[in-house]
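Structure data follow from protein29.tsv (TSV, C-alpha atoms and all ligand atoms):
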chain	number	residue	atom	x	y	z
A	8	MET	CA	-21.48	296.64	-222.65
A	9	LYS	CA	-23.05	293.78	-220.76
A	10	ASN	CA	-20.37	291.44	-222.07
A	11	ILE	CA	-17.55	293.68	-220.93
A	12	ASN	CA	-19.13	293.89	-217.48
A	13	ASN	CA	-19.31	290.15	-217.33
A	14	VAL	CA	-15.69	289.76	-218.31
A	15	LEU	CA	-14.61	292.33	-215.72
A	16	GLU	CA	-16.67	290.66	-213.04
A	17	LYS	CA	-15.17	287.28	-213.89
A	18	LYS	CA	-11.66	288.72	-213.69
A	19	GLN	CA	-12.45	290.23	-210.31
A	20	ASN	CA	-13.74	286.86	-209.05
A	21	GLU	CA	-10.60	285.14	-210.21
A	22	GLN	CA	-8.50	287.76	-208.43
A	23	ASP	CA	-10.51	287.21	-205.25
A	24	LEU	CA	-9.99	283.47	-205.48
A	25	ILE	CA	-6.25	283.92	-205.95
A	26	HIS	CA	-6.05	286.31	-203.01
A	27	SER	CA	-7.86	284.09	-200.60
A	28	TYR	CA	-5.76	281.13	-201.77
A	29	GLN	CA	-2.57	283.12	-201.23
A	30	ASP	CA	-3.83	284.22	-197.85
A	31	ALA	CA	-4.47	280.65	-196.85
A	32	CYS	CA	-1.00	279.66	-198.08
A	33	SER	CA	0.57	282.04	-195.61
A	34	ASN	CA	-0.46	279.45	-193.05
A	35	GLU	CA	2.39	276.93	-192.86
A	36	LYS	CA	0.06	274.00	-192.10
A	37	PHE	CA	-2.13	274.72	-195.09
A	38	LYS	CA	0.89	275.03	-197.35
A	39	LYS	CA	2.27	271.70	-196.21
A	40	PHE	CA	-1.15	270.11	-196.60
A	41	ILE	CA	-1.65	271.15	-200.20
A	42	GLU	CA	1.88	269.99	-201.00
A	43	THR	CA	0.71	266.50	-200.14
A	44	LEU	CA	-2.05	266.70	-202.77
A	45	PRO	CA	-1.35	265.62	-206.34
A	46	ILE	CA	-3.51	268.45	-207.67
A	47	GLU	CA	-2.49	271.46	-209.77
A	48	GLU	CA	-2.59	274.91	-208.24
A	49	GLU	CA	-5.00	276.35	-210.82
A	50	ILE	CA	-7.58	273.84	-209.62
A	51	LEU	CA	-6.77	274.17	-205.91
A	52	ILE	CA	-7.33	277.92	-206.12
A	53	LYS	CA	-11.06	277.40	-206.60
A	54	TYR	CA	-11.53	275.44	-203.38
A	55	THR	CA	-9.67	277.38	-200.69
A	56	SER	CA	-12.37	277.35	-198.07
A	57	SER	CA	-13.12	273.61	-198.37
A	58	LEU	CA	-9.39	272.88	-198.48
A	59	GLU	CA	-8.99	274.76	-195.22
A	60	ASP	CA	-11.63	272.54	-193.65
A	61	ALA	CA	-9.93	269.47	-195.07
A	62	CYS	CA	-6.56	270.71	-193.80
A	63	GLN	CA	-7.96	271.11	-190.30
A	64	GLU	CA	-9.22	267.53	-190.34
A	65	TYR	CA	-5.96	266.25	-191.83
A	66	CYS	CA	-4.01	267.97	-189.02
A	67	ASN	CA	-6.40	266.53	-186.41
A	68	CYS	CA	-5.67	263.07	-187.79
A	69	GLN	CA	-1.90	263.56	-187.71
A	70	LYS	CA	-1.82	263.77	-183.92
A	71	CYS	CA	-4.77	261.52	-183.17
A	72	LYS	CA	-4.30	258.55	-180.84
A	73	GLY	CA	-7.53	256.66	-181.51
A	74	LEU	CA	-11.20	256.80	-182.37
A	75	SER	CA	-12.24	258.04	-178.96
A	76	PHE	CA	-9.95	261.07	-179.41
A	77	CYS	CA	-11.35	261.98	-182.84
A	78	LYS	CA	-11.84	265.74	-183.30
A	79	ASN	CA	-13.29	265.60	-186.81
A	80	LYS	CA	-16.88	266.41	-187.70
A	81	VAL	CA	-17.76	262.80	-188.44
A	82	GLU	CA	-16.04	260.50	-185.96
A	83	GLY	CA	-13.56	258.18	-187.65
A	84	TYR	CA	-13.70	259.98	-190.97
A	85	CYS	CA	-11.54	262.64	-192.58
A	86	TYR	CA	-12.86	265.24	-195.01
A	87	THR	CA	-10.61	264.60	-197.96
A	88	PRO	CA	-10.13	266.24	-201.37
A	89	GLN	CA	-9.79	264.07	-204.46
A	90	LYS	CA	-9.24	265.27	-207.98
A	91	GLU	CA	-11.74	264.10	-210.56
A	92	LYS	CA	-10.97	265.36	-214.04
A	93	ASN	CA	-10.71	269.12	-213.53
A	94	ILE	CA	-12.63	269.44	-210.33
A	95	ILE	CA	-12.11	268.45	-206.69
A	96	GLN	CA	-14.58	266.22	-204.92
A	97	PHE	CA	-14.56	266.22	-201.14
A	98	SER	CA	-15.58	263.07	-199.32
A	99	TYR	CA	-15.41	261.57	-195.86
A	100	ILE	CA	-12.79	258.82	-195.91
A	101	ALA	CA	-12.47	256.33	-193.03
A	102	CYS	CA	-9.29	256.94	-191.03
A	103	LYS	CA	-6.84	254.15	-190.13
A	104	TYR	CA	-8.47	253.64	-186.71
A	105	GLN	CA	-11.93	253.45	-188.23
A	106	GLN	CA	-10.72	250.95	-190.85
A	107	GLN	CA	-9.08	248.85	-188.18
A	108	SER	CA	-12.23	248.93	-186.06
A	109	GLU	CA	-14.37	247.92	-189.06
A	110	GLN	CA	-12.05	245.00	-189.70
A	111	GLU	CA	-12.10	243.92	-186.08
A	112	ASN	CA	-15.88	244.15	-185.97
A	113	ALA	CA	-16.60	242.52	-189.33
A	114	TYR	CA	-17.40	239.21	-187.61
A	115	LYS	CA	-20.46	240.79	-185.97
A	116	LYS	CA	-22.27	240.56	-189.30
A	117	ASN	CA	-22.20	236.80	-188.82
A	118	LEU	CA	-24.02	237.04	-185.50
A	119	GLU	CA	-27.78	237.22	-185.28
A	120	LEU	CA	-29.09	238.11	-181.85
A	121	PHE	CA	-32.62	237.66	-180.68
A	122	ASP	CA	-33.37	239.59	-177.51
A	123	MET	CA	-29.83	239.18	-176.23
A	124	PRO	CA	-27.81	242.10	-174.83
A	125	LYS	CA	-25.74	243.70	-177.59
A	126	GLU	CA	-22.58	243.50	-175.48
A	127	ILE	CA	-22.67	239.74	-175.81
A	128	LYS	CA	-21.00	240.25	-179.20
A	129	GLU	CA	-17.92	241.41	-177.31
A	130	ALA	CA	-17.68	238.23	-175.21
A	131	SER	CA	-14.29	236.70	-175.79
A	132	LEU	CA	-12.60	233.49	-174.77
A	133	LYS	CA	-9.51	235.54	-173.97
A	134	ASN	CA	-11.46	237.26	-171.20
A	135	VAL	CA	-13.04	234.17	-169.74
A	136	TYR	CA	-12.40	233.98	-166.02
A	137	THR	CA	-10.02	231.17	-165.21
A	138	ASP	CA	-10.42	231.48	-161.47
A	139	ASP	CA	-12.61	228.45	-161.10
A	140	LYS	CA	-11.99	224.96	-162.34
A	141	SER	CA	-15.48	224.23	-163.63
A	142	ARG	CA	-14.66	226.21	-166.78
A	143	VAL	CA	-11.68	224.04	-167.72
A	144	PRO	CA	-13.55	221.08	-169.30
A	145	ILE	CA	-15.84	223.50	-171.12
A	146	ILE	CA	-12.96	225.42	-172.64
A	147	ARG	CA	-11.34	222.12	-173.55
A	148	TYR	CA	-14.54	221.06	-175.27
A	149	PHE	CA	-14.65	224.35	-177.17
A	150	LYS	CA	-11.20	223.64	-178.64
A	151	GLU	CA	-12.34	220.24	-179.76
A	152	PHE	CA	-15.52	221.74	-181.17
A	153	LYS	CA	-13.64	224.30	-183.26
A	154	ASP	CA	-11.29	221.63	-184.50
A	155	GLN	CA	-14.07	219.27	-185.49
A	156	TYR	CA	-16.14	222.00	-187.08
A	157	GLN	CA	-13.19	223.05	-189.21
A	158	LYS	CA	-12.89	219.46	-190.39
A	159	LYS	CA	-16.60	219.56	-191.27
A	160	LYS	CA	-17.40	216.86	-188.76
A	161	SER	CA	-20.55	218.52	-187.31
A	162	PRO	CA	-19.63	218.33	-183.64
A	163	LYS	CA	-22.29	218.33	-180.95
A	164	GLY	CA	-23.17	221.49	-179.04
A	165	LEU	CA	-23.36	221.71	-175.25
A	166	TYR	CA	-26.26	221.52	-172.90
A	167	LEU	CA	-24.79	223.84	-170.30
A	168	THR	CA	-26.58	223.87	-167.02
A	169	GLY	CA	-25.70	225.64	-163.82
A	170	SER	CA	-26.57	228.29	-161.36
A	171	PHE	CA	-27.92	231.71	-162.22
A	172	GLY	CA	-25.23	234.23	-163.16
A	173	SER	CA	-22.39	231.71	-163.30
A	174	GLY	CA	-21.45	232.82	-166.82
A	175	LYS	CA	-23.10	230.16	-169.03
A	176	THR	CA	-24.41	232.57	-171.63
A	177	TYR	CA	-21.15	234.50	-171.69
A	178	LEU	CA	-19.08	231.36	-172.26
A	179	ILE	CA	-21.12	230.01	-175.17
A	180	ALA	CA	-21.34	233.48	-176.70
A	181	ALA	CA	-17.56	233.74	-176.52
A	182	LEU	CA	-17.24	230.53	-178.54
A	183	LEU	CA	-19.86	231.61	-181.06
A	184	ASN	CA	-18.13	234.96	-181.51
A	185	GLU	CA	-14.98	233.05	-182.43
A	186	MET	CA	-16.91	230.93	-184.88
A	187	ALA	CA	-18.31	234.14	-186.39
A	188	LYS	CA	-14.73	235.38	-186.82
A	189	ASN	CA	-14.18	232.23	-188.85
A	190	LYS	CA	-17.10	233.32	-191.03
A	191	VAL	CA	-19.69	230.91	-189.61
A	192	CYS	CA	-23.16	232.42	-189.10
A	193	CYS	CA	-24.44	231.94	-185.59
A	194	ALA	CA	-27.77	232.79	-183.97
A	195	LEU	CA	-28.01	233.59	-180.26
A	196	VAL	CA	-31.58	233.44	-179.14
A	197	TYR	CA	-33.08	234.22	-175.77
A	198	TYR	CA	-35.56	231.38	-175.95
A	199	PRO	CA	-38.41	232.51	-173.64
A	200	GLU	CA	-38.72	235.83	-175.48
A	201	PHE	CA	-38.35	234.17	-178.85
A	202	LEU	CA	-41.37	232.00	-178.06
A	203	ARG	CA	-43.46	234.97	-177.01
A	204	SER	CA	-42.54	236.79	-180.16
A	205	LEU	CA	-43.21	233.76	-182.35
A	206	LYS	CA	-46.62	233.36	-180.78
A	207	SER	CA	-47.60	236.90	-181.64
A	208	SER	CA	-46.52	236.57	-185.26
A	209	PHE	CA	-48.96	233.92	-186.53
A	210	GLN	CA	-50.44	236.45	-188.95
A	211	THR	CA	-47.13	237.93	-190.03
A	212	ASP	CA	-43.59	236.55	-190.24
A	213	TYR	CA	-44.06	233.33	-188.30
A	214	SER	CA	-42.28	231.07	-190.77
A	215	GLU	CA	-39.33	233.44	-191.25
A	216	LYS	CA	-38.79	233.56	-187.51
A	217	PHE	CA	-39.18	229.83	-187.19
A	218	ASP	CA	-36.80	229.11	-190.06
A	219	PHE	CA	-34.31	231.62	-188.72
A	220	ILE	CA	-33.56	229.49	-185.71
A	221	LYS	CA	-34.29	226.15	-187.32
A	222	LYS	CA	-31.71	226.64	-190.05
A	223	SER	CA	-29.01	228.76	-188.45
A	224	PRO	CA	-25.64	227.01	-189.00
A	225	ILE	CA	-24.91	227.29	-185.28
A	226	LEU	CA	-27.59	228.05	-182.71
A	227	LEU	CA	-27.69	228.94	-179.04
A	228	LEU	CA	-31.04	228.54	-177.32
A	229	ASP	CA	-30.40	230.57	-174.22
A	230	ASP	CA	-32.22	229.91	-170.98
A	231	ILE	CA	-34.34	227.00	-172.14
A	232	GLY	CA	-36.70	225.90	-169.37
A	233	ALA	CA	-37.46	229.47	-168.29
A	234	GLU	CA	-40.35	229.71	-170.78
A	235	ASN	CA	-44.00	229.06	-170.07
A	236	GLN	CA	-44.70	225.51	-171.18
A	237	SER	CA	-47.48	224.72	-173.58
A	238	ASN	CA	-48.26	221.86	-175.93
A	239	TRP	CA	-47.72	224.27	-178.80
A	240	SER	CA	-44.24	225.41	-177.74
A	241	ARG	CA	-43.12	221.87	-176.98
A	242	ASP	CA	-44.70	219.94	-179.87
A	243	GLU	CA	-44.95	222.54	-182.64
A	244	VAL	CA	-41.87	224.64	-181.99
A	245	LEU	CA	-39.11	222.99	-180.00
A	246	GLY	CA	-39.72	219.47	-181.29
A	247	PRO	CA	-39.57	220.29	-185.01
A	248	ILE	CA	-36.61	222.65	-184.55
A	249	LEU	CA	-34.57	219.99	-182.79
A	250	GLN	CA	-35.67	217.34	-185.27
A	251	TYR	CA	-34.54	219.47	-188.21
A	252	ARG	CA	-31.24	220.32	-186.60
A	253	MET	CA	-30.54	216.68	-185.80
A	254	GLN	CA	-31.29	215.57	-189.34
A	255	ASN	CA	-29.11	218.30	-190.79
A	256	HIS	CA	-26.27	217.96	-188.27
A	257	LEU	CA	-26.47	221.60	-187.23
A	258	PRO	CA	-24.63	222.29	-183.96
A	259	THR	CA	-26.99	223.47	-181.24
A	260	PHE	CA	-26.14	224.85	-177.82
A	261	PHE	CA	-28.39	225.29	-174.84
A	262	THR	CA	-28.01	227.08	-171.56
A	263	SER	CA	-30.39	226.41	-168.73
A	264	ASN	CA	-30.80	226.76	-165.02
A	265	LEU	CA	-32.39	223.30	-165.16
A	266	THR	CA	-30.65	219.96	-165.47
A	267	LEU	CA	-31.94	217.71	-168.26
A	268	GLU	CA	-33.98	215.77	-165.69
A	269	GLU	CA	-35.53	218.98	-164.39
A	270	LEU	CA	-36.20	220.16	-167.92
A	271	GLU	CA	-37.98	216.89	-168.65
A	272	THR	CA	-40.28	217.44	-165.69
A	273	SER	CA	-40.88	221.02	-166.73
A	274	LEU	CA	-41.65	220.02	-170.35
A	275	SER	CA	-44.05	217.29	-169.33
A	276	THR	CA	-46.42	219.61	-167.49
A	277	THR	CA	-48.42	222.06	-169.55
A	278	SER	CA	-51.68	223.84	-168.80
A	279	THR	CA	-53.59	221.03	-170.52
A	280	GLY	CA	-52.11	218.19	-168.51
A	281	VAL	CA	-49.10	215.93	-168.12
A	282	ASP	CA	-47.43	214.18	-171.05
A	283	ARG	CA	-44.23	212.44	-170.10
A	284	VAL	CA	-43.77	210.72	-173.44
A	285	LYS	CA	-43.63	213.94	-175.41
A	286	ALA	CA	-41.30	215.54	-172.88
A	287	ARG	CA	-39.03	212.50	-173.05
A	288	ARG	CA	-38.91	212.72	-176.83
A	289	ILE	CA	-37.62	216.30	-176.61
A	290	ILE	CA	-35.02	215.34	-174.05
A	291	GLU	CA	-33.85	212.47	-176.27
A	292	ARG	CA	-33.34	214.95	-179.11
A	293	ILE	CA	-31.40	217.34	-176.88
A	294	LYS	CA	-29.24	214.42	-175.79
A	295	GLN	CA	-28.55	213.50	-179.40
A	296	LEU	CA	-27.60	217.08	-180.20
A	297	THR	CA	-25.42	217.90	-177.20
A	298	VAL	CA	-22.87	216.95	-174.61
A	299	PRO	CA	-24.16	217.84	-171.12
A	300	MET	CA	-21.91	219.97	-168.94
A	301	GLU	CA	-22.28	221.92	-165.78
A	302	LEU	CA	-21.02	225.35	-164.80
A	303	ILE	CA	-21.25	225.91	-161.11
A	304	GLY	CA	-19.84	229.15	-159.88
A	305	LYS	CA	-20.48	232.30	-158.01
A	306	ASN	CA	-23.01	234.76	-159.37
A	307	ARG	CA	-21.12	237.19	-161.64
A	308	ARG	CA	-24.02	239.53	-162.03
A	309	THR	CA	-23.55	242.94	-160.55
B	1	LIG	P1	-25.68	232.96	-166.80
B	1	LIG	O1	-26.01	232.85	-168.24
B	1	LIG	O2	-25.01	231.73	-166.26
B	1	LIG	O3	-26.84	233.37	-165.96
B	1	LIG	P2	-24.09	235.19	-167.68
B	1	LIG	O4	-23.35	234.55	-168.79
B	1	LIG	O5	-25.23	236.05	-168.04
B	1	LIG	O6	-24.58	234.10	-166.63
B	1	LIG	O7	-23.02	235.96	-166.80
B	1	LIG	C1	-23.40	236.81	-165.71
B	1	LIG	C2	-22.69	238.15	-165.82
B	1	LIG	O8	-21.31	237.99	-165.72
B	1	LIG	C3	-22.96	238.82	-167.15
B	1	LIG	O9	-23.11	240.21	-166.93
B	1	LIG	C4	-21.71	238.53	-167.95
B	1	LIG	O10	-21.47	239.53	-168.91
B	1	LIG	C5	-20.65	238.47	-166.87
B	1	LIG	N1	-19.61	237.51	-167.22
B	1	LIG	C6	-19.71	236.17	-167.12
B	1	LIG	N2	-18.56	235.57	-167.47
B	1	LIG	C7	-17.73	236.58	-167.80
B	1	LIG	C8	-16.36	236.64	-168.23
B	1	LIG	N3	-15.64	235.56	-168.39
B	1	LIG	N4	-15.83	237.86	-168.47
B	1	LIG	C9	-16.55	238.96	-168.32
B	1	LIG	N5	-17.82	238.99	-167.90
B	1	LIG	C10	-18.41	237.82	-167.64
B	2	MG	MG	-27.81	233.16	-169.20

Written as structure tokens, that's how I'd like the structure from this file.
Amino acid sequence: MKNINNVLEKKQNEQDLIHSYQDACSNEKFKKFIETLPIEEEILIKYTSSLEDACQEYCNCQKCKGLSFCKNKVEGYCYTPQKEKNIIQFSYIACKYQQQSEQENAYKKNLELFDMPKEIKEASLKNVYTDDKSRVPIIRYFKEFKDQYQKKKSPKGLYLTGSFGSGKTYLIAALLNEMAKNKVCCALVYYPEFLRSLKSSFQTDYSEKFDFIKKSPILLLDDIGAENQSNWSRDEVLGPILQYRMQNHLPTFFTSNLTLEELETSLSTTSTGVDRVKARRIIERIKQLTVPMELIGKNRRT
């Protein structure tokens, strides 16, 4: 008796499944949607409710104009049925806009930021203001840099000095973003904060942090000269980093509000006294590593 009951119950369930599937098919959109699927009806019948959800997302995608218009549950993804043997698996598949965005943003994996605003990854040479002439030689140098780097000639970086807010960081970041698009790993480091963080990591990941900037294929030390000077930061950090990068021909960029002469003065005075020789040694290394340029312009900060 139990067996017969089971059989009857099963039959009833199957009937229910067929009915709800037929019901769903009375909707023109649903019908069209399942016609696009290379899946047999006897399998589809078991998944009506999920297929309806998938259909809704599919229809949303059909009229969608871009990621910011996405109406699906997970932005940029479409709930999609796929046949696997005799069952249907539903998964979230990236839509064409999401795929395009992932492709366009792939270069960001090649950028390591240290205490820099995230938006700096969007800086682009295409958007660089051309309204003042002081940018022209810099942009020209960038072209040369890219050319030389491609030919594996280890070009020098820039020591870019200039007034506050003139766009120094933005400009160098724009170049480094392009390099990242060419699959070169670049590190952009806000130097004063990097030093503070390095100092507090003696017991932990000091050498990882140190190596991270020492060995990065291309490095920007942003805002050098704005840090608190100490013998340690000058002789144990900056000196060895520059020495390593010189020996290994690793392009290094600097931005600073100070000219090289001003930086030398700043580096020579620490809390324990004045040491012009050691400051000079650092400046000599920076000179070996870079071409000095100046960006004078109005303050772009809002
Ligand atoms: P600096 O490093 O010389 O102090 P920044 O590079 O930080 O100046 O630039 C100041 C502000 O102007 C930032 O908010 C930056 O994003 C913006 N900015 C600078 N140059 C450009 C540019 N070419 N296009 C868009 N924004 C820019
Ligand atoms: Mg800056």

Can you list every residue of chain A that has an atom at most 6 Å from ligand MG 2 (chain B), with its nearest atom pair and the distance in Å to one decimal, using only C-alpha atoms and all ligand atoms, ordered by chain then number, as a Markdown table?
| residue | atom | partner | partner_atom | distance |
| --- | --- | --- | --- | --- |
| A:Lys175 | CA | B:MG2 | MG | 5.6 |
| A:Thr176 | CA | B:MG2 | MG | 4.2 |
| A:Asp230 | CA | B:MG2 | MG | 5.8 |

- Task: Could the residues that lie within 12 Å of ligand LIG 1 (chain B), counting all atoms listed in the file, be listed as a ChimeraX atom specification?
- Result: /A:123-139,142,146,167-182,197,227-231,233,261-265,301-309

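Closest to Asn189 (chain A) among A:Lys115, A:Lys221, A:Lys17, A:His256 is A:Lys115, based on only C-alpha atoms.
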
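Near Ser98 (chain A), within 9 Å and counting all atoms listed in the file, sit Cys85, Tyr86, Thr87, Pro88, Gln89, Gln96 and Ile100 of chain A; same-chain residues fewer than 2 positions away were not included.
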
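Distances to Lys116 (chain A) were evaluated for A:Glu200, A:Val191, A:Ile145, A:Gln155 using only C-alpha atoms, and the minimum falls at A:Val191.
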
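Interatomic distance, CA of Cys77 (chain A) to CA of Lys188 (chain A): 27.1 Å.
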
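Shortest atom-to-atom contact with Gln295 (chain A) among A:Phe219, A:Tyr213, A:Phe201, A:Tyr166: A:Tyr166, counting only C-alpha atoms.
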
- Contact residues around Phe217 (chain A) with all atoms listed in the file at 9 Å, ignoring same-chain residues under 5 positions, as a list in words: Leu205, Asp212, Lys222, Val244 and Ile248 of chain A

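Taking CA of Ser223 (chain A) and CA of Glu268 (chain A) as endpoints, the distance between them is 26.7 Å.
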
- For Lys103 (chain A), work out the shell of residues within 12 Å, counting all atoms listed in the file and skipping chain neighbours fewer than 5 positions away, then give it as an MDAnalysis selection string. chainID A and resid 68:69 71:74 77 82:85 108:110

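Residues with any atom within 8 Å of Lys190 (chain A), counting all atoms listed in the file and excluding same-chain neighbours fewer than 3 positions away, are A:Tyr114, A:Asn117, A:Met186, A:Ala187.
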
Output for the residues just chosen: C-alpha atoms as a tab-separated table (two decimals), in the frame of the given file:
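Full text of selection16.tsv as output:
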chain	number	residue	atom	x	y	z
A	114	TYR	CA	-17.40	239.21	-187.61
A	117	ASN	CA	-22.20	236.80	-188.82
A	186	MET	CA	-16.91	230.93	-184.88
A	187	ALA	CA	-18.31	234.14	-186.39

- Can you work out the spacing between CA of Gln63 (chain A) and CA of Asn112 (chain A) in Å, to one decimal? 28.4 Å

- Message: I need the residue nearest Glu48 (chain A) from this list: A:Thr272, A:Thr259, A:Asn20, A:Asn93. Use only C-alpha atoms for the distance.
- Response: A:Asn93

- Task: Mind checking which residues fall within 9 Å of Leu226 (chain A), counting all atoms listed in the file, ignoring those fewer than 6 positions away in the same chain, and posting them as a ChimeraX atom specification?
- Result: /A:164,183,192-196,220,257-261

- Message: From the options A:Val14, A:Ile95, A:Leu267, A:Val284, which residue's atoms come nearest to Ile52 (chain A), counting only C-alpha atoms?
- Response: A:Ile95

- Selected residue of minimal separation from Lys78 (chain A) among A:Ser56, A:Ser278, A:Met300, A:Cys102, counting all atoms listed in the file: A:Cys102

To test the calculation: enclose all listed atoms of region 158-172 of chain A in a box whose edges run along x, y and z, add 4 Å on each side, then state centre and edge lengths in Å to one decimal, as lines of an AutoDock Vina configuration file.
center_x = -20.4
center_y = 225.5
center_z = -176.3
size_x = 23.0
size_y = 25.4
size_z = 37.9

Is there a way to complete region 220-232 of chain A with N, CA, C and O atoms and then write that out as a compact mmCIF listing (two decimals), in the frame of the given file?
# COMPACT_ATOMS: atom_id res chain seq x y z
N ILE A 220 -34.31 230.26 -186.71
CA ILE A 220 -33.56 229.49 -185.71
C ILE A 220 -33.44 228.01 -186.11
O ILE A 220 -32.49 227.35 -185.75
N LYS A 221 -34.36 227.56 -186.89
CA LYS A 221 -34.29 226.15 -187.32
C LYS A 221 -33.03 225.91 -188.17
O LYS A 221 -32.34 224.93 -188.00
N LYS A 222 -32.75 226.88 -189.04
CA LYS A 222 -31.71 226.64 -190.05
C LYS A 222 -30.37 227.31 -189.78
O LYS A 222 -29.44 227.14 -190.57
N SER A 223 -30.27 228.07 -188.70
CA SER A 223 -29.01 228.76 -188.45
C SER A 223 -27.86 227.73 -188.35
O SER A 223 -27.99 226.74 -187.65
N PRO A 224 -26.74 227.98 -189.02
CA PRO A 224 -25.64 227.01 -189.00
C PRO A 224 -25.19 226.62 -187.59
O PRO A 224 -24.90 225.47 -187.33
N ILE A 225 -25.15 227.62 -186.69
CA ILE A 225 -24.91 227.29 -185.28
C ILE A 225 -25.95 228.07 -184.47
O ILE A 225 -26.21 229.24 -184.74
N LEU A 226 -26.52 227.41 -183.48
CA LEU A 226 -27.59 228.05 -182.71
C LEU A 226 -27.35 227.92 -181.21
O LEU A 226 -26.92 226.88 -180.74
N LEU A 227 -27.61 229.02 -180.50
CA LEU A 227 -27.69 228.94 -179.04
C LEU A 227 -29.12 229.23 -178.63
O LEU A 227 -29.66 230.30 -178.94
N LEU A 228 -29.74 228.28 -177.96
CA LEU A 228 -31.04 228.54 -177.32
C LEU A 228 -30.73 228.84 -175.87
O LEU A 228 -30.38 227.95 -175.08
N ASP A 229 -30.83 230.11 -175.54
CA ASP A 229 -30.40 230.57 -174.22
C ASP A 229 -31.55 230.51 -173.23
O ASP A 229 -32.66 230.94 -173.55
N ASP A 230 -31.25 229.96 -172.08
CA ASP A 230 -32.22 229.91 -170.98
C ASP A 230 -33.45 229.05 -171.29
O ASP A 230 -34.58 229.43 -170.95
N ILE A 231 -33.23 227.90 -171.88
CA ILE A 231 -34.34 227.00 -172.14
C ILE A 231 -34.84 226.48 -170.77
O ILE A 231 -34.04 226.27 -169.85
N GLY A 232 -36.13 226.34 -170.65
CA GLY A 232 -36.70 225.90 -169.37
C GLY A 232 -37.30 227.07 -168.60
O GLY A 232 -38.07 226.88 -167.66
